[in-house]
Structure formats: structure tokens, C-alpha cells
Amino acid sequence: MNSELFFETIKCEDYEFFHLDYHQKRMAKTVGLNFNLSDYLYAPSAKLFKCKVIYNHEGIVDVEFSSYKKRVISSFKLIDDDVITYDKKALDRMNIDKLFAQKEEADEIIIIKNGLVTDTSIANIALFDGTNWITPKIPLLEGTTRARLLQEQAIFEKDITIKMLQEAKKIALLNAMIGQDILEDYCLYL
């Protein structure tokens, strides 16, 4: 029996849960089970919450709600790791946490794998190339906001080098809680 735990982070505000179909698709892809998340989710109030659905190959294990405050991120440390994998949103984030611990004075990390930009510790990333928003062709994790924006053709996949990242005028962090959070004033530490 596989007892590995996975989780989804779902935005909940004004009694509404956002983009459940994308979360359900990723859950089904992760463990091979189809979930109707609406059967498990009941908003505690109209406030903004981060809803964490923990599940495994047998079903939903727990649903947790916590108040949410967006982190202020304006600096990134580029961290090389050519062996890290995180293709399923596992509850065990030990390898990502180890990389995050190397951030030094930066607010967040950008993980570089095989010379290419992948993700931050908490979000997919996109950059504006002057014409389009592009996101790494091979992220560590295929996030739900990334999937939605790709489907809407608001972003496009492309291999992103460190040089491209350095030359970008804007970058965006993509996750379920912040959507596409565009940053124009930020710094990178190599």
C-alpha cells in the first residue's frame, strides 16, 4: 500500500472555492482517483482562507483552513539543483525546504535545474519577454494556475535560461492563492 500524502492548496474567499476543476484534475493525475471536491469543502466564513486538502491513494485524508496573508517577495536567490524532482505535490517538501534554507538574504529562491529556470519554492514562475509571458517548459510542478493560464493562452511554454531571467523586465509568480502576481521591482542573487 502506498501511504504517501499529497496536498492541494485552494483559495477560498466569500464562501467560494476557486478553480476546483484544475485541482481535481491534478489530484486525479496524482493518485488515479476522481474527486468531487465540493463534497468535502465547507467555507468557515467569508474571509480569505488557504484551504489545504490532504489526500493519498485511498482518498481525502484531511481538509484544513488557515487565514492567508500574502508574502512580500522582492528578491530571489538562484539555487542550482540538477537532481531535485517534485512532479507531484507531495506533503513531504523536505528537498524544497533544504533549497529554501539556502536563500541567504533573499525573500525567495528560484530553482535552476540543468541550467534552466524551473520554479520558486512556492510558485511557478513566468517572465515577460517583451511580447509574451513565458513559463518554463519543464517546471518542477505543473501548477493549477499555470495550467489555467496556459489553457487561456495568457502564458506560453519555453525553456528559460538564467540570461533570459536576468534580462526580463517583469516576472510573475503563479499559484492558487495569488493567481498571476506580477513583479516589476525585484532583484536576483546568483
# chains A, B, ... in the order shown; residues from 1 in each chain; ligands from 1
>>> closest_atom_pairs(of="region 52-121 of chain A", to="region 146-167 of chain A", cutoff="10 Å", atoms="only C-alpha atoms", output="CSV")
residue,atom,partner,partner_atom,distance
A:Leu78,CA,A:Ile162,CA,8.8
A:Ile112,CA,A:Ile162,CA,8.1
A:Asn114,CA,A:Thr161,CA,9.7
A:Gly115,CA,A:Thr161,CA,6.6
A:Leu116,CA,A:Thr161,CA,4.9
A:Val117,CA,A:Ile160,CA,5.5
A:Thr118,CA,A:Ile160,CA,8.1
>>> residues_around(residues="Ile79 (chain A)", least_positions_apart="6", cutoff="7 Å", atoms="only C-alpha atoms", output="list of chain:residue names")
A:Leu99, A:Ile109, A:Ile110, A:Ile111, A:Ile112
>>> write_last_selection(atoms="N, CA and C atoms", output="JSON list (two decimals), in the first residue's frame")
[["chain", "number", "residue", "atom", "x", "y", "z"],
["A", 99, "LEU", "N", 16.51, 23.50, -0.07],
["A", 99, "LEU", "CA", 16.94, 24.53, -1.02],
["A", 99, "LEU", "C", 16.54, 25.92, -0.52],
["A", 109, "ILE", "N", 13.53, 31.73, -3.41],
["A", 109, "ILE", "CA", 14.51, 31.10, -4.29],
["A", 109, "ILE", "C", 13.90, 30.86, -5.67],
["A", 110, "ILE", "N", 14.76, 30.78, -6.67],
["A", 110, "ILE", "CA", 14.38, 30.28, -7.99],
["A", 110, "ILE", "C", 15.28, 29.07, -8.23],
["A", 111, "ILE", "N", 14.65, 27.93, -8.47],
["A", 111, "ILE", "CA", 15.38, 26.69, -8.62],
["A", 111, "ILE", "C", 15.79, 26.51, -10.08],
["A", 112, "ILE", "N", 17.10, 26.33, -10.28],
["A", 112, "ILE", "CA", 17.68, 26.13, -11.61],
["A", 112, "ILE", "C", 18.04, 24.66, -11.72]]
>>> residues_around(residues="region 37-39 of chain A", least_positions_apart="2", cutoff="8 Å", atoms="only C-alpha atoms", output="list in words")
Leu20, Gln24, Phe35, Leu41 and Tyr42 of chain A
>>> closest_residue(among="A:Pro139, A:Leu33, A:Phe128, A:Leu173", to="Arg71 (chain A)", atoms="only C-alpha atoms")
A:Leu173
>>> closest_residue(among="A:Asn175, A:Asn34, A:Ser66, A:Thr85", to="Leu48 (chain A)", atoms="only C-alpha atoms")
A:Ser66
>>> closest_residue(among="A:Ala123, A:Ile178, A:Ala101, A:Leu91", to="Tyr68 (chain A)", atoms="only C-alpha atoms")
A:Ile178
>>> select_by_dssp(residues="region 7-181 of chain A", states="strand (DSSP E)", output="MDAnalysis selection string")
chainID A and resid 7:13 16:17 49:56 59:67 75:80 108:113 116:120 124:128 133:136 156:158 171:175 179:181
>>> atom_distance(atom1="CA of Ile134 (chain A)", atom2="CA of Val72 (chain A)")
22.5 Å
>>> decode(residues="region 120-161 of chain A", atoms="N, CA and C atoms", output="PDB file, in the first residue's frame")
ATOM      1  N   THR A 120       9.853  28.543  -8.172  1.00  0.00           N
ATOM      2  CA  THR A 120      10.272  29.021  -6.863  1.00  0.00           C
ATOM      3  C   THR A 120       9.882  27.931  -5.859  1.00  0.00           C
ATOM      4  N   SER A 121      10.072  28.188  -4.580  1.00  0.00           N
ATOM      5  CA  SER A 121       9.685  27.178  -3.587  1.00  0.00           C
ATOM      6  C   SER A 121       8.177  27.119  -3.381  1.00  0.00           C
ATOM      7  N   ILE A 122       7.473  28.183  -3.780  1.00  0.00           N
ATOM      8  CA  ILE A 122       6.032  28.251  -3.504  1.00  0.00           C
ATOM      9  C   ILE A 122       5.178  28.487  -4.741  1.00  0.00           C
ATOM     10  N   ALA A 123       5.808  28.659  -5.892  1.00  0.00           N
ATOM     11  CA  ALA A 123       5.020  29.053  -7.064  1.00  0.00           C
ATOM     12  C   ALA A 123       5.748  28.692  -8.348  1.00  0.00           C
ATOM     13  N   ASN A 124       4.952  28.539  -9.401  1.00  0.00           N
ATOM     14  CA  ASN A 124       5.533  28.517 -10.738  1.00  0.00           C
ATOM     15  C   ASN A 124       5.952  29.951 -11.053  1.00  0.00           C
ATOM     16  N   ILE A 125       6.732  30.092 -12.107  1.00  0.00           N
ATOM     17  CA  ILE A 125       7.238  31.409 -12.472  1.00  0.00           C
ATOM     18  C   ILE A 125       6.988  31.647 -13.959  1.00  0.00           C
ATOM     19  N   ALA A 126       6.825  32.891 -14.315  1.00  0.00           N
ATOM     20  CA  ALA A 126       6.726  33.291 -15.717  1.00  0.00           C
ATOM     21  C   ALA A 126       7.500  34.586 -15.856  1.00  0.00           C
ATOM     22  N   LEU A 127       7.974  34.847 -17.070  1.00  0.00           N
ATOM     23  CA  LEU A 127       8.622  36.131 -17.312  1.00  0.00           C
ATOM     24  C   LEU A 127       8.087  36.729 -18.600  1.00  0.00           C
ATOM     25  N   PHE A 128       8.162  38.046 -18.647  1.00  0.00           N
ATOM     26  CA  PHE A 128       7.683  38.764 -19.824  1.00  0.00           C
ATOM     27  C   PHE A 128       8.874  38.984 -20.740  1.00  0.00           C
ATOM     28  N   ASP A 129       8.796  38.447 -21.959  1.00  0.00           N
ATOM     29  CA  ASP A 129       9.929  38.518 -22.899  1.00  0.00           C
ATOM     30  C   ASP A 129       9.861  39.735 -23.823  1.00  0.00           C
ATOM     31  N   GLY A 130       8.959  40.665 -23.527  1.00  0.00           N
ATOM     32  CA  GLY A 130       8.781  41.847 -24.362  1.00  0.00           C
ATOM     33  C   GLY A 130       7.545  41.751 -25.234  1.00  0.00           C
ATOM     34  N   THR A 131       7.116  40.516 -25.477  1.00  0.00           N
ATOM     35  CA  THR A 131       5.916  40.275 -26.286  1.00  0.00           C
ATOM     36  C   THR A 131       4.919  39.398 -25.537  1.00  0.00           C
ATOM     37  N   ASN A 132       5.417  38.297 -24.979  1.00  0.00           N
ATOM     38  CA  ASN A 132       4.558  37.314 -24.321  1.00  0.00           C
ATOM     39  C   ASN A 132       5.059  36.998 -22.927  1.00  0.00           C
ATOM     40  N   TRP A 133       4.152  36.460 -22.128  1.00  0.00           N
ATOM     41  CA  TRP A 133       4.516  35.861 -20.850  1.00  0.00           C
ATOM     42  C   TRP A 133       4.891  34.423 -21.140  1.00  0.00           C
ATOM     43  N   ILE A 134       6.093  34.024 -20.714  1.00  0.00           N
ATOM     44  CA  ILE A 134       6.531  32.645 -20.920  1.00  0.00           C
ATOM     45  C   ILE A 134       6.811  31.988 -19.571  1.00  0.00           C
ATOM     46  N   THR A 135       6.571  30.699 -19.521  1.00  0.00           N
ATOM     47  CA  THR A 135       6.788  29.909 -18.314  1.00  0.00           C
ATOM     48  C   THR A 135       7.652  28.711 -18.686  1.00  0.00           C
ATOM     49  N   PRO A 136       8.439  28.203 -17.761  1.00  0.00           N
ATOM     50  CA  PRO A 136       9.320  27.085 -18.105  1.00  0.00           C
ATOM     51  C   PRO A 136       8.572  25.901 -18.723  1.00  0.00           C
ATOM     52  N   LYS A 137       9.166  25.368 -19.777  1.00  0.00           N
ATOM     53  CA  LYS A 137       8.598  24.205 -20.449  1.00  0.00           C
ATOM     54  C   LYS A 137       8.601  22.997 -19.511  1.00  0.00           C
ATOM     55  N   ILE A 138       9.624  22.929 -18.640  1.00  0.00           N
ATOM     56  CA  ILE A 138       9.734  21.817 -17.690  1.00  0.00           C
ATOM     57  C   ILE A 138       9.818  22.393 -16.272  1.00  0.00           C
ATOM     58  N   PRO A 139       8.661  22.664 -15.657  1.00  0.00           N
ATOM     59  CA  PRO A 139       8.673  23.135 -14.269  1.00  0.00           C
ATOM     60  C   PRO A 139       8.905  21.946 -13.331  1.00  0.00           C
ATOM     61  N   LEU A 140       9.184  22.232 -12.076  1.00  0.00           N
ATOM     62  CA  LEU A 140       9.232  21.133 -11.102  1.00  0.00           C
ATOM     63  C   LEU A 140       7.835  20.556 -10.916  1.00  0.00           C
ATOM     64  N   LEU A 141       6.847  21.438 -10.795  1.00  0.00           N
ATOM     65  CA  LEU A 141       5.464  21.027 -10.567  1.00  0.00           C
ATOM     66  C   LEU A 141       4.565  21.762 -11.550  1.00  0.00           C
ATOM     67  N   GLU A 142       3.670  21.026 -12.176  1.00  0.00           N
ATOM     68  CA  GLU A 142       2.703  21.661 -13.074  1.00  0.00           C
ATOM     69  C   GLU A 142       1.553  22.204 -12.226  1.00  0.00           C
ATOM     70  N   GLY A 143       1.664  23.478 -11.878  1.00  0.00           N
ATOM     71  CA  GLY A 143       0.688  24.115 -11.007  1.00  0.00           C
ATOM     72  C   GLY A 143      -0.655  24.329 -11.678  1.00  0.00           C
ATOM     73  N   THR A 144      -1.678  24.496 -10.844  1.00  0.00           N
ATOM     74  CA  THR A 144      -3.038  24.665 -11.369  1.00  0.00           C
ATOM     75  C   THR A 144      -3.232  26.034 -12.019  1.00  0.00           C
ATOM     76  N   THR A 145      -2.640  27.083 -11.452  1.00  0.00           N
ATOM     77  CA  THR A 145      -2.743  28.415 -12.071  1.00  0.00           C
ATOM     78  C   THR A 145      -1.982  28.425 -13.383  1.00  0.00           C
ATOM     79  N   ARG A 146      -0.816  27.815 -13.410  1.00  0.00           N
ATOM     80  CA  ARG A 146      -0.030  27.682 -14.647  1.00  0.00           C
ATOM     81  C   ARG A 146      -0.848  26.962 -15.714  1.00  0.00           C
ATOM     82  N   ALA A 147      -1.489  25.855 -15.339  1.00  0.00           N
ATOM     83  CA  ALA A 147      -2.305  25.087 -16.286  1.00  0.00           C
ATOM     84  C   ALA A 147      -3.450  25.934 -16.838  1.00  0.00           C
ATOM     85  N   ARG A 148      -4.096  26.691 -15.962  1.00  0.00           N
ATOM     86  CA  ARG A 148      -5.223  27.534 -16.389  1.00  0.00           C
ATOM     87  C   ARG A 148      -4.753  28.633 -17.336  1.00  0.00           C
ATOM     88  N   LEU A 149      -3.644  29.297 -16.995  1.00  0.00           N
ATOM     89  CA  LEU A 149      -3.141  30.375 -17.844  1.00  0.00           C
ATOM     90  C   LEU A 149      -2.624  29.848 -19.185  1.00  0.00           C
ATOM     91  N   LEU A 150      -2.057  28.655 -19.198  1.00  0.00           N
ATOM     92  CA  LEU A 150      -1.659  28.039 -20.473  1.00  0.00           C
ATOM     93  C   LEU A 150      -2.885  27.757 -21.329  1.00  0.00           C
ATOM     94  N   GLN A 151      -3.918  27.209 -20.707  1.00  0.00           N
ATOM     95  CA  GLN A 151      -5.149  26.906 -21.444  1.00  0.00           C
ATOM     96  C   GLN A 151      -5.783  28.182 -22.001  1.00  0.00           C
ATOM     97  N   GLU A 152      -5.720  29.265 -21.231  1.00  0.00           N
ATOM     98  CA  GLU A 152      -6.275  30.551 -21.674  1.00  0.00           C
ATOM     99  C   GLU A 152      -5.349  31.271 -22.657  1.00  0.00           C
ATOM    100  N   GLN A 153      -4.176  30.708 -22.908  1.00  0.00           N
ATOM    101  CA  GLN A 153      -3.140  31.294 -23.763  1.00  0.00           C
ATOM    102  C   GLN A 153      -2.695  32.670 -23.265  1.00  0.00           C
ATOM    103  N   ALA A 154      -2.703  32.825 -21.944  1.00  0.00           N
ATOM    104  CA  ALA A 154      -2.182  34.040 -21.323  1.00  0.00           C
ATOM    105  C   ALA A 154      -0.677  33.917 -21.104  1.00  0.00           C
ATOM    106  N   ILE A 155      -0.191  32.675 -21.055  1.00  0.00           N
ATOM    107  CA  ILE A 155       1.241  32.392 -20.953  1.00  0.00           C
ATOM    108  C   ILE A 155       1.568  31.265 -21.933  1.00  0.00           C
ATOM    109  N   PHE A 156       2.855  31.139 -22.251  1.00  0.00           N
ATOM    110  CA  PHE A 156       3.304  30.121 -23.197  1.00  0.00           C
ATOM    111  C   PHE A 156       4.540  29.427 -22.644  1.00  0.00           C
ATOM    112  N   GLU A 157       4.712  28.149 -22.980  1.00  0.00           N
ATOM    113  CA  GLU A 157       5.856  27.375 -22.503  1.00  0.00           C
ATOM    114  C   GLU A 157       7.084  27.603 -23.367  1.00  0.00           C
ATOM    115  N   LYS A 158       8.230  27.702 -22.695  1.00  0.00           N
ATOM    116  CA  LYS A 158       9.503  27.862 -23.395  1.00  0.00           C
ATOM    117  C   LYS A 158      10.617  27.579 -22.388  1.00  0.00           C
ATOM    118  N   ASP A 159      11.709  26.991 -22.840  1.00  0.00           N
ATOM    119  CA  ASP A 159      12.879  26.859 -21.969  1.00  0.00           C
ATOM    120  C   ASP A 159      13.366  28.260 -21.614  1.00  0.00           C
ATOM    121  N   ILE A 160      13.630  28.496 -20.334  1.00  0.00           N
ATOM    122  CA  ILE A 160      14.072  29.812 -19.860  1.00  0.00           C
ATOM    123  C   ILE A 160      15.460  29.669 -19.246  1.00  0.00           C
ATOM    124  N   THR A 161      16.410  30.381 -19.817  1.00  0.00           N
ATOM    125  CA  THR A 161      17.785  30.372 -19.305  1.00  0.00           C
ATOM    126  C   THR A 161      17.935  31.429 -18.213  1.00  0.00           C
TER     127      THR A 161
END
